[in-house]
>>> print(open('run31.cif').read())   # mmCIF, C-alpha atoms
data_target
loop_
_atom_site.group_PDB
_atom_site.id
_atom_site.type_symbol
_atom_site.label_atom_id
_atom_site.label_comp_id
_atom_site.auth_asym_id
_atom_site.auth_seq_id
_atom_site.Cartn_x
_atom_site.Cartn_y
_atom_site.Cartn_z
ATOM 1 C CA MET A 1 105.085 145.589 189.635
ATOM 2 C CA SER A 2 108.032 145.449 191.989
ATOM 3 C CA ARG A 3 108.220 143.284 195.053
ATOM 4 C CA THR A 4 107.711 146.312 197.286
ATOM 5 C CA GLN A 5 104.629 147.435 195.326
ATOM 6 C CA ARG A 6 102.948 144.017 195.495
ATOM 7 C CA GLN A 7 100.556 143.561 198.387
ATOM 8 C CA ARG A 8 101.543 141.030 201.017
ATOM 9 C CA GLY A 9 100.060 137.583 200.556
ATOM 10 C CA GLN A 10 99.186 138.280 196.914
ATOM 11 C CA PRO A 11 100.609 135.574 194.639
ATOM 12 C CA ARG A 12 103.006 136.593 191.920
ATOM 13 C CA ARG A 13 101.453 136.458 188.428
ATOM 14 C CA LEU A 14 103.489 135.132 185.525
ATOM 15 C CA GLN A 15 103.625 137.275 182.391
ATOM 16 C CA SER A 16 103.372 134.168 180.201
ATOM 17 C CA PHE A 17 103.462 130.380 180.345
ATOM 18 C CA ARG A 18 104.394 127.601 177.927
ATOM 19 C CA CYS A 19 101.516 125.440 176.677
ATOM 20 C CA ILE A 20 101.811 121.868 177.950
ATOM 21 C CA HIS A 21 100.421 120.525 174.639
ATOM 22 C CA CYS A 22 101.669 122.641 171.696
ATOM 23 C CA ARG A 23 104.549 124.423 173.526
ATOM 24 C CA LEU A 24 103.388 127.916 172.479
ATOM 25 C CA ASP A 25 104.390 130.801 174.762
ATOM 26 C CA VAL A 26 101.028 132.123 175.987
ATOM 27 C CA PRO A 27 100.486 135.571 177.568
ATOM 28 C CA SER A 28 98.797 135.303 180.971
ATOM 29 C CA LEU A 29 96.504 138.253 180.316
ATOM 30 C CA ALA A 30 93.667 137.941 177.791
ATOM 31 C CA ALA A 31 90.345 139.590 177.071
ATOM 32 C CA GLY A 32 87.439 137.816 178.756
ATOM 33 C CA THR A 33 89.289 136.023 181.543
ATOM 34 C CA ALA A 34 91.057 136.913 184.773
ATOM 35 C CA HIS A 35 92.620 133.471 185.379
ATOM 36 C CA ARG A 36 94.050 132.349 182.066
ATOM 37 C CA ASN A 37 95.144 128.722 182.148
ATOM 38 C CA HIS A 38 94.489 127.431 178.647
ATOM 39 C CA CYS A 39 96.286 127.946 175.367
ATOM 40 C CA PRO A 40 94.441 130.129 172.832
ATOM 41 C CA SER A 41 95.959 128.152 169.949
ATOM 42 C CA CYS A 42 95.216 124.497 170.848
ATOM 43 C CA LEU A 43 92.827 125.150 173.803
ATOM 44 C CA TRP A 44 94.605 122.634 176.062
ATOM 45 C CA SER A 45 95.109 123.488 179.718
ATOM 46 C CA ARG A 46 97.040 122.331 182.752
ATOM 47 C CA HIS A 47 95.394 121.188 185.973
ATOM 48 C CA LEU A 48 96.434 124.094 188.192
ATOM 49 C CA ASP A 49 93.318 125.178 190.081
ATOM 50 C CA VAL A 50 90.974 123.621 192.611
ATOM 51 C CA ASP A 51 88.910 126.831 192.571
ATOM 52 C CA PRO A 52 89.337 129.339 189.710
ATOM 53 C CA GLY A 53 92.581 131.250 190.106
ATOM 54 C CA ASP A 54 93.794 129.596 193.310
ATOM 55 C CA ARG A 55 96.556 127.497 191.649
ATOM 56 C CA ALA A 56 96.111 124.966 194.486
ATOM 57 C CA SER A 57 95.991 121.698 192.525
ATOM 58 C CA ASP A 58 98.709 119.126 193.162
ATOM 59 C CA CYS A 59 98.023 117.271 189.888
ATOM 60 C CA HIS A 60 99.526 119.587 187.211
ATOM 61 C CA ALA A 61 98.694 117.110 184.400
ATOM 62 C CA SER A 62 97.491 118.225 180.964
ATOM 63 C CA MET A 63 93.787 118.886 180.444
ATOM 64 C CA GLU A 64 92.176 118.115 177.107
ATOM 65 C CA PRO A 65 89.380 120.347 175.782
ATOM 66 C CA ILE A 66 86.491 117.897 175.321
ATOM 67 C CA ALA A 67 83.325 119.983 174.994
ATOM 68 C CA ILE A 68 81.709 123.396 174.848
ATOM 69 C CA THR A 69 78.756 124.473 176.924
ATOM 70 C CA VAL A 70 76.822 127.712 176.692
ATOM 71 C CA ARG A 71 75.673 129.633 179.748
ATOM 72 C CA ASN A 72 72.231 131.247 180.007
ATOM 73 C CA ASP A 73 73.708 134.604 178.993
ATOM 74 C CA GLY A 74 75.156 133.087 175.786
ATOM 75 C CA GLU A 75 78.766 132.919 176.998
ATOM 76 C CA TRP A 76 80.722 129.905 175.724
ATOM 77 C CA VAL A 77 82.633 127.814 178.246
ATOM 78 C CA LEU A 78 85.270 125.156 177.513
ATOM 79 C CA ILE A 79 85.051 121.854 179.362
ATOM 80 C CA HIS A 80 88.428 120.236 180.068
ATOM 81 C CA ARG A 81 89.163 116.719 181.343
ATOM 82 C CA CYS A 82 92.392 116.152 183.270
ATOM 83 C CA ARG A 83 94.492 113.366 181.772
ATOM 84 C CA GLY A 84 96.059 112.683 185.169
ATOM 85 C CA CYS A 85 93.118 112.429 187.559
ATOM 86 C CA GLY A 86 90.027 112.695 185.339
ATOM 87 C CA THR A 87 88.723 115.898 186.934
ATOM 88 C CA LEU A 88 86.371 117.956 184.772
ATOM 89 C CA SER A 89 86.616 121.735 184.848
ATOM 90 C CA SER A 90 84.990 124.621 183.038
ATOM 91 C CA ASN A 91 86.901 127.619 181.701
ATOM 92 C CA ARG A 92 85.518 130.762 180.114
ATOM 93 C CA ILE A 93 86.738 131.243 176.580
ATOM 94 C CA ALA A 94 89.081 134.176 176.036
ATOM 95 C CA GLY A 95 88.920 136.796 173.301
ATOM 96 C CA ASP A 96 91.952 135.384 171.491
ATOM 97 C CA ASP A 97 90.937 131.691 171.561
ATOM 98 C CA ASN A 98 91.078 129.879 168.214
ATOM 99 C CA PRO A 99 87.508 130.223 166.832
ATOM 100 C CA LEU A 100 87.909 127.320 164.387
ATOM 101 C CA LEU A 101 88.850 124.910 167.199
ATOM 102 C CA LEU A 102 86.014 126.215 169.387
ATOM 103 C CA VAL A 103 83.466 125.486 166.646
ATOM 104 C CA ARG A 104 85.100 122.126 165.903
ATOM 105 C CA ILE A 105 84.686 121.072 169.539
ATOM 106 C CA ALA A 106 81.115 122.446 169.642
ATOM 107 C CA VAL A 107 79.954 120.450 166.580
ATOM 108 C CA LYS A 108 81.813 117.232 167.428
ATOM 109 C CA PRO A 109 78.690 115.539 168.894
ATOM 110 C CA LEU A 110 76.872 116.203 165.609
ATOM 111 C CA ALA A 111 79.766 115.068 163.412
ATOM 112 C CA GLN A 112 80.611 112.021 165.529
ATOM 113 C CA PRO A 113 77.475 111.023 167.479
ATOM 114 C CA PRO A 114 77.881 108.495 170.301
ATOM 115 C CA PHE A 115 75.413 106.138 168.585
ATOM 116 C CA PRO A 116 74.999 104.723 165.042
ATOM 117 C CA LEU A 117 73.015 107.138 162.851
ATOM 118 C CA ASP A 118 71.365 104.295 160.912
ATOM 119 C CA ARG A 119 69.426 103.370 164.043
ATOM 120 C CA LEU A 120 67.520 106.672 163.779
ATOM 121 C CA ALA A 121 65.828 105.367 160.622
ATOM 122 C CA SER A 122 64.219 102.527 162.551
ATOM 123 C CA ILE A 123 62.612 104.813 165.113
#
>>> encode(input="run31.cif", output="structure tokens")
Amino acid sequence: MSRTQRQRGQPRRLQSFRCIHCRLDVPSLAAGTAHRNHCPSCLWSRHLDVDPGDRASDCHASMEPIAITVRNDGEWVLIHRCRGCGTLSSNRIAGDDNPLLLVRIAVKPLAQPPFPLDRLASI
């Protein structure tokens, strides 16, 4: 889209970005999301938004994928924690996200519970 075709006040969209964690060149457009800001390979993100798509954050630190949650309609959502300011954010998964890493994050609480498993035997 040329500069003259773009509507006034509409921010310019990048065609791709470089992942802050694994350095992969990531296309900005992906199935399942309108505001792509995480890498489909490693699932890391960058703290860009205050509200989805606004790119208004001043932090710009890396955001680690720490959990998966599932919405009422069954849609999976990644939870990221900012390594700069500690902010938590949720991001819809995209159609090209690494399914093995998504499952790995989802089962982490079962594989590495936050309490000793031997204590369950005494209950």
>>> closest_residue(input="run31.cif", among="A:His38, A:Arg46, A:Arg119, A:Arg104", to="Asn91 of chain A", atoms="only C-alpha atoms")
A:His38
>>> resolve_selection(input="run31.cif", expression="the PyMOL selection byres ((chain A and resi 19) around 12)", output="VMD selection string")
chain A and resid 16 to 18 20 to 28 36 to 47 61 to 64
>>> atom_distance(input="run31.cif", atom1="atom CA of Arg92 of chain A", atom2="atom CA of Val107 of chain A")
17.9 Å
>>> closest_residue(input="run31.cif", among="A:Leu29, A:Leu101, A:Pro52, A:Asp58", to="Cys85 of chain A", atoms="all atoms listed in the file")
A:Asp58
>>> atom_distance(input="run31.cif", atom1="atom CA of Pro99 of chain A", atom2="atom CA of Cys82 of chain A")
22.2 Å
>>> atom_distance(input="run31.cif", atom1="atom CA of Ala31 of chain A", atom2="atom CA of Asp96 of chain A")
7.2 Å
>>> residues_around(input="run31.cif", residues="Lys108 of chain A", least_positions_apart="5", cutoff="12 Å", atoms="only C-alpha atoms", output="PyMOL selection string")
chain A and resi 65-68+101-103+113-114
>>> closest_residue(input="run31.cif", among="A:Gly53, A:Ile105, A:Ser122, A:Cys59", to="Val77 of chain A", atoms="all atoms listed in the file")
A:Ile105
>>> closest_residue(input="run31.cif", among="A:Ala94, A:Val70, A:Ala121, A:Leu88", to="Ala106 of chain A", atoms="all atoms listed in the file")
A:Val70
>>> axis_aligned_box(input="run31.cif", around="segment 45-55 of chain A", padding_each_side="6 Å", output="AutoDock Vina command-line options")
--center_x 93.0 --center_y 126.2 --center_z 186.5 --size_x 20.1 --size_y 22.1 --size_z 25.6
>>> closest_residue(input="run31.cif", among="A:Trp76, A:Leu100, A:Thr87, A:Arg81", to="Ser57 of chain A", atoms="all atoms listed in the file")
A:Thr87
>>> build_atoms(input="run31.cif", residues="segment 92-104 of chain A", atoms="N, CA and C atoms", output="PDB file, in the frame of the given file")
ATOM      1  N   ARG A  92      86.058 129.793 181.056  1.00  0.00           N
ATOM      2  CA  ARG A  92      85.518 130.762 180.114  1.00  0.00           C
ATOM      3  C   ARG A  92      86.449 130.863 178.916  1.00  0.00           C
ATOM      4  N   ILE A  93      85.876 131.028 177.728  1.00  0.00           N
ATOM      5  CA  ILE A  93      86.738 131.243 176.580  1.00  0.00           C
ATOM      6  C   ILE A  93      87.294 132.660 176.679  1.00  0.00           C
ATOM      7  N   ALA A  94      88.443 132.864 176.051  1.00  0.00           N
ATOM      8  CA  ALA A  94      89.081 134.176 176.036  1.00  0.00           C
ATOM      9  C   ALA A  94      88.928 134.781 174.647  1.00  0.00           C
ATOM     10  N   GLY A  95      89.108 136.081 174.551  1.00  0.00           N
ATOM     11  CA  GLY A  95      88.920 136.796 173.301  1.00  0.00           C
ATOM     12  C   GLY A  95      89.854 136.368 172.186  1.00  0.00           C
ATOM     13  N   ASP A  96      90.996 135.791 172.525  1.00  0.00           N
ATOM     14  CA  ASP A  96      91.952 135.384 171.491  1.00  0.00           C
ATOM     15  C   ASP A  96      91.982 133.876 171.257  1.00  0.00           C
ATOM     16  N   ASP A  97      91.003 133.134 171.790  1.00  0.00           N
ATOM     17  CA  ASP A  97      90.937 131.691 171.561  1.00  0.00           C
ATOM     18  C   ASP A  97      90.655 131.396 170.086  1.00  0.00           C
ATOM     19  N   ASN A  98      91.199 130.289 169.605  1.00  0.00           N
ATOM     20  CA  ASN A  98      91.078 129.879 168.214  1.00  0.00           C
ATOM     21  C   ASN A  98      89.612 129.576 167.888  1.00  0.00           C
ATOM     22  N   PRO A  99      88.938 130.432 167.089  1.00  0.00           N
ATOM     23  CA  PRO A  99      87.508 130.223 166.832  1.00  0.00           C
ATOM     24  C   PRO A  99      87.215 128.945 166.045  1.00  0.00           C
ATOM     25  N   LEU A 100      88.122 128.550 165.152  1.00  0.00           N
ATOM     26  CA  LEU A 100      87.909 127.320 164.387  1.00  0.00           C
ATOM     27  C   LEU A 100      87.898 126.091 165.303  1.00  0.00           C
ATOM     28  N   LEU A 101      88.832 126.037 166.253  1.00  0.00           N
ATOM     29  CA  LEU A 101      88.850 124.910 167.199  1.00  0.00           C
ATOM     30  C   LEU A 101      87.641 124.931 168.127  1.00  0.00           C
ATOM     31  N   LEU A 102      87.204 126.120 168.532  1.00  0.00           N
ATOM     32  CA  LEU A 102      86.014 126.215 169.387  1.00  0.00           C
ATOM     33  C   LEU A 102      84.796 125.632 168.669  1.00  0.00           C
ATOM     34  N   VAL A 103      84.609 126.007 167.411  1.00  0.00           N
ATOM     35  CA  VAL A 103      83.466 125.486 166.646  1.00  0.00           C
ATOM     36  C   VAL A 103      83.633 123.991 166.398  1.00  0.00           C
ATOM     37  N   ARG A 104      84.845 123.556 166.123  1.00  0.00           N
ATOM     38  CA  ARG A 104      85.100 122.126 165.903  1.00  0.00           C
ATOM     39  C   ARG A 104      84.705 121.294 167.124  1.00  0.00           C
TER      40      ARG A 104
END
